[in-house]
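The file coords_14.cif comes next; it holds mmCIF, C-alpha atoms (C1' of nucleotides).
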data_my_file
loop_
_atom_site.label_atom_id
_atom_site.label_comp_id
_atom_site.auth_asym_id
_atom_site.auth_seq_id
_atom_site.Cartn_x
_atom_site.Cartn_y
_atom_site.Cartn_z
CA MET A 1 -14.01 6.24 -18.24
CA GLY A 2 -12.81 7.58 -21.53
CA THR A 3 -10.14 5.23 -22.75
CA LYS A 4 -10.81 1.67 -21.80
CA GLU A 5 -7.70 -0.05 -20.65
CA ASP A 6 -7.33 -3.64 -21.71
CA ILE A 7 -7.51 -5.31 -18.34
CA VAL A 8 -7.87 -8.79 -19.75
CA GLY A 9 -5.33 -8.41 -22.51
CA THR A 10 -2.60 -7.45 -20.08
CA ALA A 11 -3.31 -10.20 -17.56
CA ILE A 12 -0.61 -12.82 -17.03
CA TRP A 13 -2.71 -15.63 -18.36
CA ALA A 14 -3.58 -13.70 -21.50
CA GLU A 15 -0.20 -14.35 -23.07
CA GLU A 16 -0.99 -17.93 -23.90
CA LEU A 17 -4.46 -17.35 -25.30
CA THR A 18 -5.52 -17.15 -28.92
CA ALA A 19 -7.23 -14.01 -30.20
CA GLU A 20 -10.59 -15.72 -30.12
CA GLU A 21 -10.12 -16.91 -26.57
CA LEU A 22 -9.01 -13.47 -25.50
CA ASP A 23 -12.08 -11.93 -27.03
CA ARG A 24 -14.28 -14.33 -25.15
CA ALA A 25 -12.45 -13.55 -21.93
CA ARG A 26 -12.94 -9.83 -22.43
CA ARG A 27 -16.66 -10.17 -22.98
CA GLY A 28 -17.09 -12.26 -19.85
CA THR A 29 -15.14 -10.04 -17.51
CA ILE A 30 -16.43 -7.05 -15.61
CA GLU A 31 -14.73 -4.47 -13.49
CA LYS A 32 -15.73 -3.51 -9.99
CA THR A 33 -14.42 -1.20 -7.31
CA PHE A 34 -14.41 -1.97 -3.61
CA ALA A 35 -13.95 0.59 -0.85
CA LYS A 36 -11.26 0.10 1.75
CA GLY A 37 -12.27 -2.36 4.42
CA SER A 38 -15.19 -3.84 2.53
CA TYR A 39 -15.72 -7.52 1.86
CA ILE A 40 -15.62 -8.98 -1.63
CA CYS A 41 -17.28 -12.00 -0.14
CA HIS A 42 -17.67 -13.81 3.15
CA ARG A 43 -16.86 -17.39 3.90
CA GLY A 44 -19.83 -19.44 2.79
CA ASP A 45 -20.93 -17.04 0.05
CA LYS A 46 -21.22 -18.29 -3.45
CA LEU A 47 -19.22 -15.98 -5.64
CA ASP A 48 -19.41 -17.03 -9.26
CA TYR A 49 -16.44 -15.03 -10.44
CA TRP A 50 -12.80 -15.61 -10.93
CA THR A 51 -11.14 -12.55 -9.53
CA GLY A 52 -8.08 -10.51 -10.38
CA VAL A 53 -6.70 -7.44 -8.68
CA ILE A 54 -6.23 -4.60 -11.13
CA ASP A 55 -5.22 -2.06 -8.57
CA GLY A 56 -5.16 -2.24 -4.81
CA LEU A 57 -4.72 -4.88 -2.14
CA ALA A 58 -6.91 -7.72 -0.95
CA LYS A 59 -6.43 -10.34 1.70
CA ILE A 60 -7.66 -13.90 1.85
CA SER A 61 -8.37 -14.90 5.41
CA ALA A 62 -10.48 -17.02 7.70
CA VAL A 63 -11.40 -17.26 11.34
CA SER A 64 -10.45 -20.50 13.04
CA SER A 65 -12.81 -22.33 15.36
CA ASP A 66 -11.20 -20.77 18.40
CA GLY A 67 -11.75 -17.32 16.97
CA LYS A 68 -8.22 -16.69 15.81
CA ALA A 69 -7.91 -14.71 12.60
CA MET A 70 -5.67 -16.28 10.00
CA THR A 71 -4.41 -14.73 6.82
CA PHE A 72 -3.69 -17.09 3.97
CA ALA A 73 -2.51 -14.68 1.36
CA GLY A 74 -2.43 -11.13 0.21
CA ALA A 75 -3.23 -10.22 -3.36
CA THR A 76 -1.71 -7.24 -5.10
CA SER A 77 -2.07 -5.85 -8.59
CA GLY A 78 -1.83 -8.56 -11.20
CA SER A 79 -2.72 -11.56 -9.08
CA TRP A 80 -5.76 -13.74 -9.70
CA PHE A 81 -7.45 -15.98 -7.21
CA GLY A 82 -10.57 -18.01 -6.45
CA GLU A 83 -10.10 -20.61 -9.20
CA GLY A 84 -10.50 -23.38 -6.66
CA SER A 85 -14.00 -22.39 -5.63
CA VAL A 86 -15.05 -21.47 -9.15
CA LEU A 87 -13.87 -24.79 -10.59
CA LYS A 88 -15.81 -26.72 -8.01
CA GLY A 89 -18.77 -24.37 -8.09
CA GLU A 90 -18.84 -24.37 -4.34
CA PRO A 91 -19.09 -21.64 -1.70
CA ARG A 92 -15.99 -19.71 -0.74
CA GLN A 93 -14.03 -21.14 2.10
CA TYR A 94 -12.41 -17.86 2.99
CA ASP A 95 -13.21 -14.25 3.60
CA LEU A 96 -12.06 -11.80 0.99
CA VAL A 97 -11.39 -8.30 2.28
CA VAL A 98 -9.84 -5.32 0.53
CA LEU A 99 -7.31 -3.44 2.63
CA ARG A 100 -7.45 -0.30 0.53
CA ASP A 101 -9.64 1.02 -2.27
CA THR A 102 -9.33 -1.70 -4.85
CA ARG A 103 -10.33 -2.28 -8.44
CA LEU A 104 -11.10 -5.84 -9.35
CA ALA A 105 -11.59 -7.69 -12.61
CA MET A 106 -14.23 -10.37 -12.26
CA MET A 107 -14.69 -13.11 -14.80
CA HIS A 108 -18.04 -14.89 -14.96
CA ARG A 109 -17.95 -18.54 -14.06
CA ALA A 110 -19.37 -19.52 -17.44
CA THR A 111 -16.53 -17.75 -19.22
CA PHE A 112 -14.00 -19.23 -16.86
CA MET A 113 -15.31 -22.73 -17.47
CA TRP A 114 -15.37 -22.19 -21.19
CA LEU A 115 -11.74 -21.17 -21.20
CA TYR A 116 -10.89 -24.06 -18.95
CA ASP A 117 -12.55 -26.47 -21.36
CA ASN A 118 -11.43 -24.92 -24.64
CA SER A 119 -8.17 -23.08 -24.15
CA ARG A 120 -5.01 -25.09 -23.82
CA GLY A 121 -3.11 -21.97 -22.79
CA PHE A 122 -5.60 -21.13 -20.10
CA SER A 123 -5.71 -24.55 -18.51
CA ARG A 124 -1.95 -24.69 -18.61
CA PHE A 125 -1.85 -21.45 -16.69
CA LEU A 126 -4.36 -22.79 -14.18
CA VAL A 127 -2.33 -25.88 -13.48
CA ARG A 128 0.75 -23.82 -12.96
CA GLN A 129 -1.00 -21.43 -10.62
CA LEU A 130 -2.72 -24.15 -8.60
CA ASN A 131 0.54 -26.01 -8.26
CA GLU A 132 2.32 -22.92 -7.05
CA ARG A 133 -0.41 -22.08 -4.58
CA MET A 134 -0.30 -25.59 -3.23
CA GLY A 135 3.38 -25.24 -2.56
CA GLN A 136 2.89 -21.94 -0.83
CA PHE A 137 0.07 -23.19 1.34
CA ILE A 138 1.96 -26.23 2.42
CA ALA A 139 4.76 -24.01 3.53
CA THR A 140 2.15 -22.07 5.46
CA ILE A 141 0.55 -24.86 7.42
CA GLU A 142 2.61 -24.15 10.45
CA TYR A 143 1.85 -20.46 10.20
CA ASP A 144 -0.54 -20.26 13.14
CA ARG A 145 2.01 -21.95 15.35
CA ILE A 146 4.48 -19.23 14.70
CA LEU A 147 4.22 -16.97 17.66
CA SER A 148 6.80 -14.38 16.84
CA PRO A 149 5.24 -11.34 15.21
CA ARG A 150 8.52 -10.77 13.44
CA ALA A 151 8.29 -14.14 11.72
CA ARG A 152 4.71 -13.50 10.68
CA VAL A 153 5.70 -10.20 9.14
CA ALA A 154 8.73 -11.76 7.46
CA ARG A 155 6.72 -14.51 5.82
CA ASN A 156 3.91 -12.23 4.78
CA VAL A 157 6.43 -10.09 2.98
CA SER A 158 8.02 -13.07 1.29
CA TRP A 159 4.71 -14.26 -0.12
CA PHE A 160 4.52 -11.28 -2.38
CA PHE A 161 7.57 -12.44 -4.27
CA ASN A 162 6.41 -15.73 -5.63
CA PRO A 163 7.38 -15.38 -9.29
CA VAL A 164 4.39 -17.36 -10.51
CA LEU A 165 1.70 -15.90 -8.30
CA TYR A 166 3.05 -12.37 -8.48
CA PRO A 167 4.79 -12.06 -11.82
CA THR A 168 5.85 -8.45 -11.38
CA GLY A 169 9.50 -9.44 -11.33
CA LYS A 170 10.28 -6.57 -9.00
CA ASP A 171 12.17 -6.84 -5.76
CA ALA A 172 9.99 -4.35 -3.94
CA ILE A 173 6.34 -4.21 -3.05
CA GLU A 174 4.27 -1.12 -2.54
CA ILE A 175 2.54 -1.60 0.76
CA SER A 176 2.33 0.50 3.88
CA GLN A 177 3.34 -0.86 7.23
CA GLU A 178 -0.25 -0.49 8.35
CA GLU A 179 -1.47 -2.70 5.52
CA LEU A 180 1.23 -5.24 6.17
CA GLY A 181 0.14 -5.29 9.80
CA LEU A 182 -3.40 -6.08 8.71
CA LEU A 183 -2.10 -8.94 6.60
CA ALA A 184 0.13 -10.36 9.29
CA GLY A 185 -2.47 -9.89 11.99
CA VAL A 186 -0.37 -7.55 14.08
CA SER A 187 -0.74 -3.93 15.05
CA ARG A 188 0.97 -1.24 13.06
CA ALA A 189 3.38 -0.56 15.89
CA VAL A 190 4.41 -4.18 16.03
CA ALA A 191 4.76 -4.38 12.28
CA ASN A 192 6.94 -1.31 12.39
CA ARG A 193 9.19 -2.78 15.04
CA ALA A 194 9.39 -6.11 13.25
CA LEU A 195 10.36 -4.45 9.99
CA GLN A 196 13.09 -2.51 11.71
CA ASP A 197 14.45 -5.70 13.21
CA LEU A 198 14.37 -7.42 9.83
CA GLU A 199 16.10 -4.48 8.26
CA GLU A 200 18.69 -4.65 11.00
CA GLU A 201 19.29 -8.27 10.02
CA GLY A 202 19.77 -7.19 6.44
CA LEU A 203 16.85 -9.16 5.04
CA LEU A 204 14.94 -6.21 3.64
CA ARG A 205 14.92 -2.46 3.42
CA CYS A 206 12.10 -0.18 4.49
CA GLU A 207 11.23 2.69 2.20
CA HIS A 208 8.26 4.99 2.17
CA GLY A 209 5.18 3.06 1.35
CA ARG A 210 7.22 0.18 0.05
CA ILE A 211 9.40 -2.67 1.17
CA ARG A 212 12.45 -3.84 -0.73
CA VAL A 213 13.46 -7.44 -0.28
CA LEU A 214 17.12 -8.33 -0.04
CA LYS A 215 17.20 -11.91 1.24
CA LEU A 216 14.02 -13.56 0.02
CA GLU A 217 15.01 -17.10 0.94
CA ARG A 218 15.67 -16.17 4.53
CA LEU A 219 12.41 -14.28 4.83
CA LYS A 220 10.52 -17.32 3.54
CA ARG A 221 11.97 -19.53 6.21
CA TYR A 222 12.15 -17.04 9.03
CA GLU A 223 11.62 -18.63 12.43
CA PRO A 224 10.73 -16.92 15.69
"C1'" DT D 225 11.38 24.71 -12.16
"C1'" DC D 226 10.69 25.94 -7.52
"C1'" DA D 227 8.03 26.86 -3.29
"C1'" DT D 228 4.02 25.97 -0.62
"C1'" DT D 229 0.51 22.96 1.04
"C1'" DA D 230 -2.00 18.85 1.92
"C1'" DA D 231 -2.01 14.04 2.61
"C1'" DA D 232 0.11 9.78 3.62
"C1'" DT D 233 3.47 7.14 6.06
"C1'" DT D 234 6.58 6.25 9.64
"C1'" DG D 235 8.69 6.20 14.29
"C1'" DT D 236 7.79 6.51 19.00
"C1'" DT D 237 5.25 6.55 23.32
"C1'" DA H 238 -4.66 5.53 20.35
"C1'" DA H 239 -2.17 9.66 20.06
"C1'" DC H 240 1.70 12.50 18.77
"C1'" DA H 241 5.52 14.48 16.07
"C1'" DA H 242 8.62 13.87 12.24
"C1'" DT H 243 9.32 12.76 7.59
"C1'" DT H 244 8.31 11.89 2.73
"C1'" DT H 245 5.44 12.21 -1.27
"C1'" DA H 246 2.05 14.29 -4.35
"C1'" DA H 247 -0.36 18.10 -5.91
"C1'" DT H 248 -0.82 22.79 -6.75
"C1'" DG H 249 0.22 27.13 -8.66
"C1'" DA H 250 3.34 31.05 -9.21
#

Rewritten as structure tokens:
Amino acid sequence: MGTKEDIVGTAIWAEELTAEELDRARRGTIEKTFAKGSYICHRGDKLDYWTGVIDGLAKISAVSSDGKAMTFAGATSGSWFGEGSVLKGEPRQYDLVVLRDTRLAMMHRATFMWLYDNSRGFSRFLVRQLNERMGQFIATIEYDRILSPRARVARNVSWFFNPVLYPTGKDAIEISQEELGLLAGVSRAVANRALQDLEEEGLLRCEHGRIRVLKLERLKRYEP
DNA sequence: TCATTAAATTGTT
DNA sequence: AACAATTTAATGA
């Protein structure tokens, strides 16, 4: 690690912080790498870090009482999550799994709380992010009732284009069909077929290792 | 810069 | 899960 990249300084929430706050954030944030398929934490663990994806792909999921696996969200480079559990200081309610080799930035809870208490810019960001997540989750409540694999794939794709949660501003996401299948809870073959159907409908375009979105609104509301 | 090779991704069964 | 086809990335002439 020769040149240290400024992980914290380039984070979305860093824009609104003062120099002093930024410095504090840097000192309280570590970097960690997770191998493909490994767990960042299990449901019930106490993970005292606020977590951001530097590079890679993670999924936030849980297993319902009847044993059905549910994915709540995917997290790509630049997205931060876990503020709910950290704020409350309570155990995680979800499993966190990385779908490919992933580098994470992890901010200590003490640092997170300090910023929350002392930085106007930081708490403003938190409110915005929590609000956005709330909206997304409400739209997701009916997710497990959606039977059509195509709809599951469509909505999983659309989630990556929330401008607040994923501020990349791009109209394409770099993700393989296999990884998307893991997110949507379908096999790669099914994901492949679903994507072809969605492309046929003109909602997106499949490229190599990436998916370009054409009709985001329709993907968000796709029904079986 | 171009050609060759390896690795990853996709499409199909 | 296995297979072939295709694209990308990496390598070196």

Tell me which protein, DNA and RNA residues are within 10 Å of DA232 of chain D, counting only C-alpha atoms (C1' of nucleotides), leaving out same-chain ones fewer than 6 positions away, and put them as a PyMOL selection string. (chain A and resi 176+208-209) or (chain H and resi 244-246)

Quick one: which residues from chain D are at most 9 Å off chain A, using all atoms listed in the file, as a ChimeraX atom specification? /D:232-236

Can you list what the PyMOL selection byres ((chain H and resi 248) around 12) grabs from this structure, as a PDB file with C-alpha atoms (C1' of nucleotides), keeping the file's coordinate frame?
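See part_31.pdb below for the written result:
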ATOM      1  C1'  DC D 226      10.690  25.940  -7.520  1.00  0.00           C
ATOM      2  C1'  DA D 227       8.030  26.860  -3.290  1.00  0.00           C
ATOM      3  C1'  DT D 228       4.020  25.970  -0.620  1.00  0.00           C
ATOM      4  C1'  DT D 229       0.510  22.960   1.040  1.00  0.00           C
ATOM      5  C1'  DA D 230      -2.000  18.850   1.920  1.00  0.00           C
TER       6       DA D 230
ATOM      7  C1'  DA H 246       2.050  14.290  -4.350  1.00  0.00           C
ATOM      8  C1'  DA H 247      -0.360  18.100  -5.910  1.00  0.00           C
ATOM      9  C1'  DG H 249       0.220  27.130  -8.660  1.00  0.00           C
ATOM     10  C1'  DA H 250       3.340  31.050  -9.210  1.00  0.00           C
TER      11       DA H 250
END

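In this structure, atom CA of Gln129 of chain A sits 17.4 Å away from atom CA of Lys59 of chain A.
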